[in-house]
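For reference, structure_2.txt (compact mmCIF, C-alpha atoms):
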# COMPACT_ATOMS: atom_id res chain seq x y z
CA MET A 29 15.92 3.21 0.09
CA ASP A 30 19.31 4.58 -0.52
CA HIS A 31 18.87 8.36 -0.70
CA VAL A 32 22.04 8.76 1.36
CA HIS A 33 24.27 7.05 -1.22
CA GLY A 34 22.78 8.94 -4.16
CA SER A 35 21.18 6.19 -6.23
CA PRO A 36 17.79 5.25 -4.85
CA ALA A 37 15.83 2.59 -6.69
CA SER A 38 12.81 3.78 -8.63
CA GLU A 39 9.26 3.24 -7.44
CA GLU A 40 8.81 0.76 -10.28
CA GLU A 41 11.85 -1.26 -9.14
CA PHE A 42 10.51 -1.42 -5.59
CA THR A 43 7.09 -2.47 -6.86
CA LYS A 44 8.45 -5.28 -9.05
CA LYS A 45 10.70 -6.60 -6.27
CA ASN A 46 8.01 -6.44 -3.58
CA LEU A 47 5.23 -7.93 -5.70
CA ARG A 48 7.51 -10.76 -6.82
CA ARG A 49 8.20 -11.59 -3.17
CA PHE A 50 4.53 -11.23 -2.25
CA ARG A 51 3.56 -13.65 -5.03
CA ARG A 52 6.14 -16.19 -3.91
CA LEU A 53 5.08 -16.08 -0.25
CA HIS A 54 1.31 -15.93 -0.73
CA GLU A 55 0.53 -17.44 -4.14
CA ASP A 56 -2.02 -19.72 -2.53
CA ARG A 57 -4.30 -16.82 -1.60
CA VAL A 58 -3.28 -13.71 -3.54
CA HIS A 59 -3.56 -12.88 -7.23
CA ILE A 60 -1.71 -9.78 -8.50
CA ARG A 61 -2.28 -7.88 -11.72
CA GLU A 62 0.22 -5.15 -12.50
CA PHE A 63 -0.91 -2.24 -14.65
CA HIS A 64 1.10 -0.71 -17.50
CA ARG A 65 1.70 3.04 -17.44
CA SER A 66 -1.13 3.67 -19.93
CA GLU A 67 -3.55 1.75 -17.68
CA GLU A 68 -2.27 3.58 -14.59
CA ALA A 69 -2.98 6.90 -16.34
CA ARG A 70 -6.63 5.83 -16.66
CA ASN A 71 -7.23 4.06 -13.33
CA GLY A 72 -4.68 5.66 -10.97
CA ALA A 73 -3.36 2.26 -9.83
CA ASP A 74 -0.01 0.52 -10.12
CA TRP A 75 -1.53 -2.90 -9.44
CA GLU A 76 -4.59 -4.80 -8.30
CA TRP A 77 -4.54 -7.41 -5.54
CA TRP A 78 -7.15 -10.10 -5.08
CA PHE A 79 -7.05 -11.78 -1.68
CA TYR A 80 -8.76 -15.14 -1.31
CA SER A 81 -9.83 -17.35 1.54
CA GLY A 82 -11.39 -20.47 0.09
CA THR A 83 -14.02 -19.29 -2.38
CA ARG A 84 -14.30 -15.77 -0.95
CA GLY A 85 -12.17 -12.82 -1.90
CA PHE A 86 -11.88 -9.09 -2.25
CA GLY A 87 -9.82 -6.80 -4.44
CA MET A 88 -7.69 -3.74 -3.83
CA ARG A 89 -6.47 -1.24 -6.41
CA VAL A 90 -3.15 0.12 -5.20
CA GLN A 91 -1.04 3.17 -5.98
CA ALA A 92 2.54 3.06 -4.69
CA LYS A 93 4.43 6.15 -3.55
CA ARG A 94 8.10 6.24 -2.69
CA MET A 95 9.16 8.51 0.14
CA LYS A 96 11.20 11.47 -1.02
CA PRO A 97 14.45 12.40 0.79
CA GLY A 98 12.63 15.03 2.89
CA GLY A 99 10.17 12.42 4.20
CA SER A 100 7.11 13.29 2.10
CA TYR A 101 5.30 11.65 -0.83
CA GLN A 102 4.02 13.09 -4.08
CA LEU A 103 0.35 12.72 -3.13
CA LYS A 104 -0.96 15.60 -5.26
CA TYR A 105 0.18 13.99 -8.52
CA THR A 106 -2.06 14.91 -11.45
CA VAL A 107 -2.90 13.02 -14.62
CA ARG A 108 -4.50 15.00 -17.46
CA GLY A 109 -5.57 17.70 -15.01
CA ARG A 110 -7.06 15.32 -12.41
CA LEU A 111 -5.61 14.17 -9.12
CA GLN A 112 -4.35 10.60 -9.36
CA SER A 113 -6.06 9.86 -6.04
CA GLU A 114 -9.45 10.78 -7.57
CA LEU A 115 -8.87 8.42 -10.48
CA LEU A 116 -7.82 5.65 -8.09
CA VAL A 117 -10.86 6.00 -5.80
CA GLU A 118 -13.37 6.27 -8.67
CA ASP A 119 -11.96 3.40 -10.72
CA ALA A 120 -11.46 1.09 -7.74
CA GLN A 121 -15.03 1.59 -6.60
CA ALA A 122 -16.38 1.07 -10.14
CA SER A 123 -14.35 -2.18 -10.30
CA GLY A 124 -15.61 -3.43 -6.94
CA CYS A 125 -12.21 -2.96 -5.30
CA LEU A 126 -10.96 -1.09 -2.25
CA PRO A 127 -8.65 1.84 -3.14
CA ALA A 128 -5.34 1.95 -1.27
CA TYR A 129 -1.85 3.43 -1.24
CA VAL A 130 1.35 1.61 -0.41
CA PHE A 131 4.17 3.79 0.89
CA TYR A 132 7.78 2.78 0.35
CA ASN A 133 9.50 4.36 3.34
CA HIS A 134 13.06 5.00 4.42
CA ARG A 135 14.65 2.22 6.45
CA ASN A 136 14.94 4.51 9.44
CA TRP A 137 11.41 5.90 9.37
CA THR A 138 9.75 6.00 12.77
CA PRO A 139 6.21 7.12 13.65
CA TYR A 140 5.89 10.78 14.59
CA SER A 141 4.01 10.19 17.83
CA PRO A 142 5.09 7.89 20.64
CA GLY A 143 1.51 6.57 20.88
CA HIS A 144 1.71 5.15 17.34
CA ALA A 145 3.44 1.84 17.89
CA ILE A 146 4.89 -0.56 15.38
CA PHE A 147 2.22 -3.16 14.73
CA ASP A 148 2.65 -6.51 16.41
CA CYS A 149 1.18 -9.66 14.93
CA PRO A 150 0.47 -13.11 16.39
CA HIS A 151 3.79 -14.35 15.00
CA GLY A 152 5.90 -11.94 17.04
CA SER A 153 6.64 -8.37 17.95
CA GLY A 154 6.67 -5.72 15.29
CA GLU A 155 10.07 -4.54 14.12
CA GLN A 156 11.36 -1.29 12.68
CA ALA A 157 11.96 -3.04 9.34
CA HIS A 158 8.21 -3.71 9.05
CA LEU A 159 7.66 -0.01 8.44
CA GLY A 160 9.52 -0.22 5.10
CA CYS A 161 6.24 -0.85 3.22
CA THR A 162 3.05 0.47 4.74
CA ILE A 163 -0.51 0.59 3.41
CA VAL A 164 -3.34 3.08 3.93
CA SER A 165 -6.80 3.66 2.50
CA ALA A 166 -6.92 5.98 -0.51
CA HIS A 167 -9.80 7.73 1.27
CA THR A 168 -7.35 8.68 4.03
CA VAL A 169 -4.92 10.01 1.40
CA ARG A 170 -7.74 12.03 -0.21
CA ALA A 171 -8.61 13.53 3.17
CA ALA A 172 -4.96 14.43 3.71
CA ILE A 173 -4.83 16.14 0.30
CA LEU A 174 -8.09 18.05 0.68
CA ASP A 175 -7.65 19.17 4.30
CA LYS A 176 -4.51 21.27 4.59
CA LYS A 177 -4.57 20.83 8.39
CA LEU A 178 -4.02 17.10 7.97
CA GLY A 179 -1.48 16.95 5.15
CA PRO A 180 0.76 14.04 4.06
CA ARG A 181 1.94 13.43 7.61
CA TYR A 182 -1.60 12.32 8.51
CA ALA A 183 -1.73 9.74 5.70
CA LYS A 184 1.68 8.41 6.71
CA GLU A 185 0.68 8.14 10.38
CA GLN A 186 -2.50 6.24 9.47
CA SER A 187 -0.61 3.67 7.41
CA MET A 188 0.25 0.22 8.75
CA PRO A 189 2.79 -2.41 7.75
CA TRP A 190 1.41 -4.17 4.69
CA HIS A 191 2.39 -7.63 5.91
CA THR A 192 -0.41 -7.39 8.51
CA ILE A 193 -3.00 -7.83 5.73
CA LEU A 194 -2.16 -11.53 5.47
CA CYS A 195 -1.13 -12.29 9.02
CA ASP A 196 -3.32 -15.11 10.31
CA ASP A 197 -3.69 -15.77 14.03
CA SER A 198 -3.52 -19.55 14.33
CA ASP A 199 -5.18 -19.39 17.77
CA ARG A 200 -8.41 -18.06 16.31
CA ASN A 201 -11.17 -19.97 14.57
CA GLN A 202 -11.43 -17.64 11.59
CA ALA A 203 -8.61 -16.06 9.60
CA ASP A 204 -8.28 -12.26 9.47
CA LEU A 205 -8.96 -12.36 5.75
CA GLU A 206 -12.35 -13.98 6.35
CA ASP A 207 -13.06 -11.39 9.06
CA ALA A 208 -12.35 -8.62 6.56
CA TYR A 209 -14.68 -10.20 4.03
CA ALA A 210 -17.47 -10.57 6.60

Structure re-expressed in structure tokens:
Amino acid sequence: MDHVHGSPASEEEFTKKNLRRFRRLHEDRVHIREFHRSEEARNGADWEWWFYSGTRGFGMRVQAKRMKPGGSYQLKYTVRGRLQSELLVEDAQASGCLPAYVFYNHRNWTPYSPGHAIFDCPHGSGEQAHLGCTIVSAHTVRAAILDKKLGPRYAKEQSMPWHTILCDDSDRNQADLEDAYA
């Protein structure tokens, strides 16, 4: 994100670009449904992902948040007097989906603690660039909102690069996606 040069892309622009790439790379096992603003106001989600492995699959309702210049996210966003995170969790569960947040981070974001490493995958070592889009459970975000001791930093630290969702280890008998379903 280009906060330094004064014209950062909007959250919607990042979402369109990233989902378009995700579709192209994983169209064989991911279906994506983007929500219009009026739908987002009701369900708290920007999009819904369905991940498939053969005939099995699971869904995720996702709310995206772009990092602000100071390094935080607008997690306490309200819609008609209710926290967006509440809408997301309730609607996702009613729809049989897992509620999640995707964070669009600065290019130079690094974890706060040295013990929190960049995630490696079977295809190679993790890289700093992998932290550009991270994902975390909406339940973790809710905990960060409700417990002032935790705060947004906690949600950010618990997030992981979103590419790890679809990273298959070819040396194993069962794909990670099937493990998640089981």

With the cut-off set at 10 Å and counting only C-alpha atoms, tabulate each residue of region 39-92 of chain A with an atom at most that distance from an atom of region 125-129 of chain A, showing the nearest atom pair and its distance in Å to one decimal, ordered by chain and increasing number, as CSV.
residue,atom,partner,partner_atom,distance
A:Gly72,CA,A:Pro127,CA,9.6
A:Ala73,CA,A:Pro127,CA,8.5
A:Asp74,CA,A:Tyr129,CA,9.5
A:Glu76,CA,A:Cys125,CA,8.4
A:Trp77,CA,A:Cys125,CA,8.9
A:Trp78,CA,A:Cys125,CA,8.8
A:Phe86,CA,A:Cys125,CA,6.9
A:Gly87,CA,A:Cys125,CA,4.6
A:Met88,CA,A:Leu126,CA,4.5
A:Arg89,CA,A:Pro127,CA,5.0
A:Val90,CA,A:Ala128,CA,4.9
A:Gln91,CA,A:Tyr129,CA,4.8
A:Ala92,CA,A:Tyr129,CA,5.6

Please save C-alpha atoms of the selected residues as a compact mmCIF listing (two decimals), in the frame of the given file.
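Below you can see result_14.txt, which holds the result:
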# COMPACT_ATOMS: atom_id res chain seq x y z
CA GLY A 72 -4.68 5.66 -10.97
CA ALA A 73 -3.36 2.26 -9.83
CA ASP A 74 -0.01 0.52 -10.12
CA GLU A 76 -4.59 -4.80 -8.30
CA TRP A 77 -4.54 -7.41 -5.54
CA TRP A 78 -7.15 -10.10 -5.08
CA PHE A 86 -11.88 -9.09 -2.25
CA GLY A 87 -9.82 -6.80 -4.44
CA MET A 88 -7.69 -3.74 -3.83
CA ARG A 89 -6.47 -1.24 -6.41
CA VAL A 90 -3.15 0.12 -5.20
CA GLN A 91 -1.04 3.17 -5.98
CA ALA A 92 2.54 3.06 -4.69

- Query: Which one of A:Gly98, A:Pro189, A:Gly179, A:Gly160 sits closest to Tyr132 (chain A) if you count only C-alpha atoms?
  - Reply: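 The answer is A:Gly160, which sits nearest to Tyr132 (chain A).
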
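Here the question is which of A:Cys161, A:Glu41, A:Glu114, A:Tyr80 gets nearest to His54 (chain A) using all atoms listed in the file, and that residue is A:Tyr80.
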
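Each of A:Arg61, A:Phe131, A:Glu67, A:Lys176 was checked against Lys96 (chain A) using only C-alpha atoms; the smallest atom-to-atom distance is that of A:Phe131.
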
- Task: Determine, counting all atoms listed in the file, which protein, DNA and RNA residues have an atom within 7 Å of an atom of Met188 (chain A); residues of the same chain fewer than 5 positions away are not included. Present the result as a PyMOL selection string.
- Result: chain A and resi 162-164

- Message: What does the structure give for the distance between CA of Thr106 (chain A) and CA of Glu39 (chain A), in Å to one decimal?
- Response: 16.7 Å

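When only C-alpha atoms are used to compute distances to Phe50 (chain A), the closest of the residues A:Gln102, A:Ala37, A:Phe79, A:Gly124 turns out to be A:Phe79.
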
- If you measure from CA of Arg170 (chain A) to CA of Glu118 (chain A), what distance in Å do you get, rounded to one decimal?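 CA of Arg170 (chain A) sits 11.7 Å away from CA of Glu118 (chain A).
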
- Quick one, how far is CA of Ser113 (chain A) from CA of Pro180 (chain A)? 12.9 Å

- Query: Within 9 Å of (-5.7, 11.2, 5.2), in the coordinates the file gives, what residues turn up when you count all atoms listed in the file, written out as a list in words?
  - Reply: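 Residues close enough to count: Val164, Ser165, Ala166, His167, Thr168, Val169, Arg170, Ala171, Ala172, Ile173, Leu174, Asp175, Leu178, Gly179, Pro180, Arg181, Tyr182, Ala183, Lys184, Glu185 and Gln186 of chain A.
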
- Distance query Leu115 (chain A) at most 9 Å, all atoms listed in the file, self and fewer than 4 positions along chain excluded, as a list in words: Ala69, Arg70, Asn71, Gly72, Ala73, Val107, Arg110, Leu111, Asp119 and Ala120 of chain A

Would you save the residues of that selection, restricted to C-alpha atoms, as a CSV table (one decimal), in the coordinates of the input?
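Writing the result to selection32.csv gives the following:
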chain,number,residue,atom,x,y,z
A,69,ALA,CA,-3.0,6.9,-16.3
A,70,ARG,CA,-6.6,5.8,-16.7
A,71,ASN,CA,-7.2,4.1,-13.3
A,72,GLY,CA,-4.7,5.7,-11.0
A,73,ALA,CA,-3.4,2.3,-9.8
A,107,VAL,CA,-2.9,13.0,-14.6
A,110,ARG,CA,-7.1,15.3,-12.4
A,111,LEU,CA,-5.6,14.2,-9.1
A,119,ASP,CA,-12.0,3.4,-10.7
A,120,ALA,CA,-11.5,1.1,-7.7
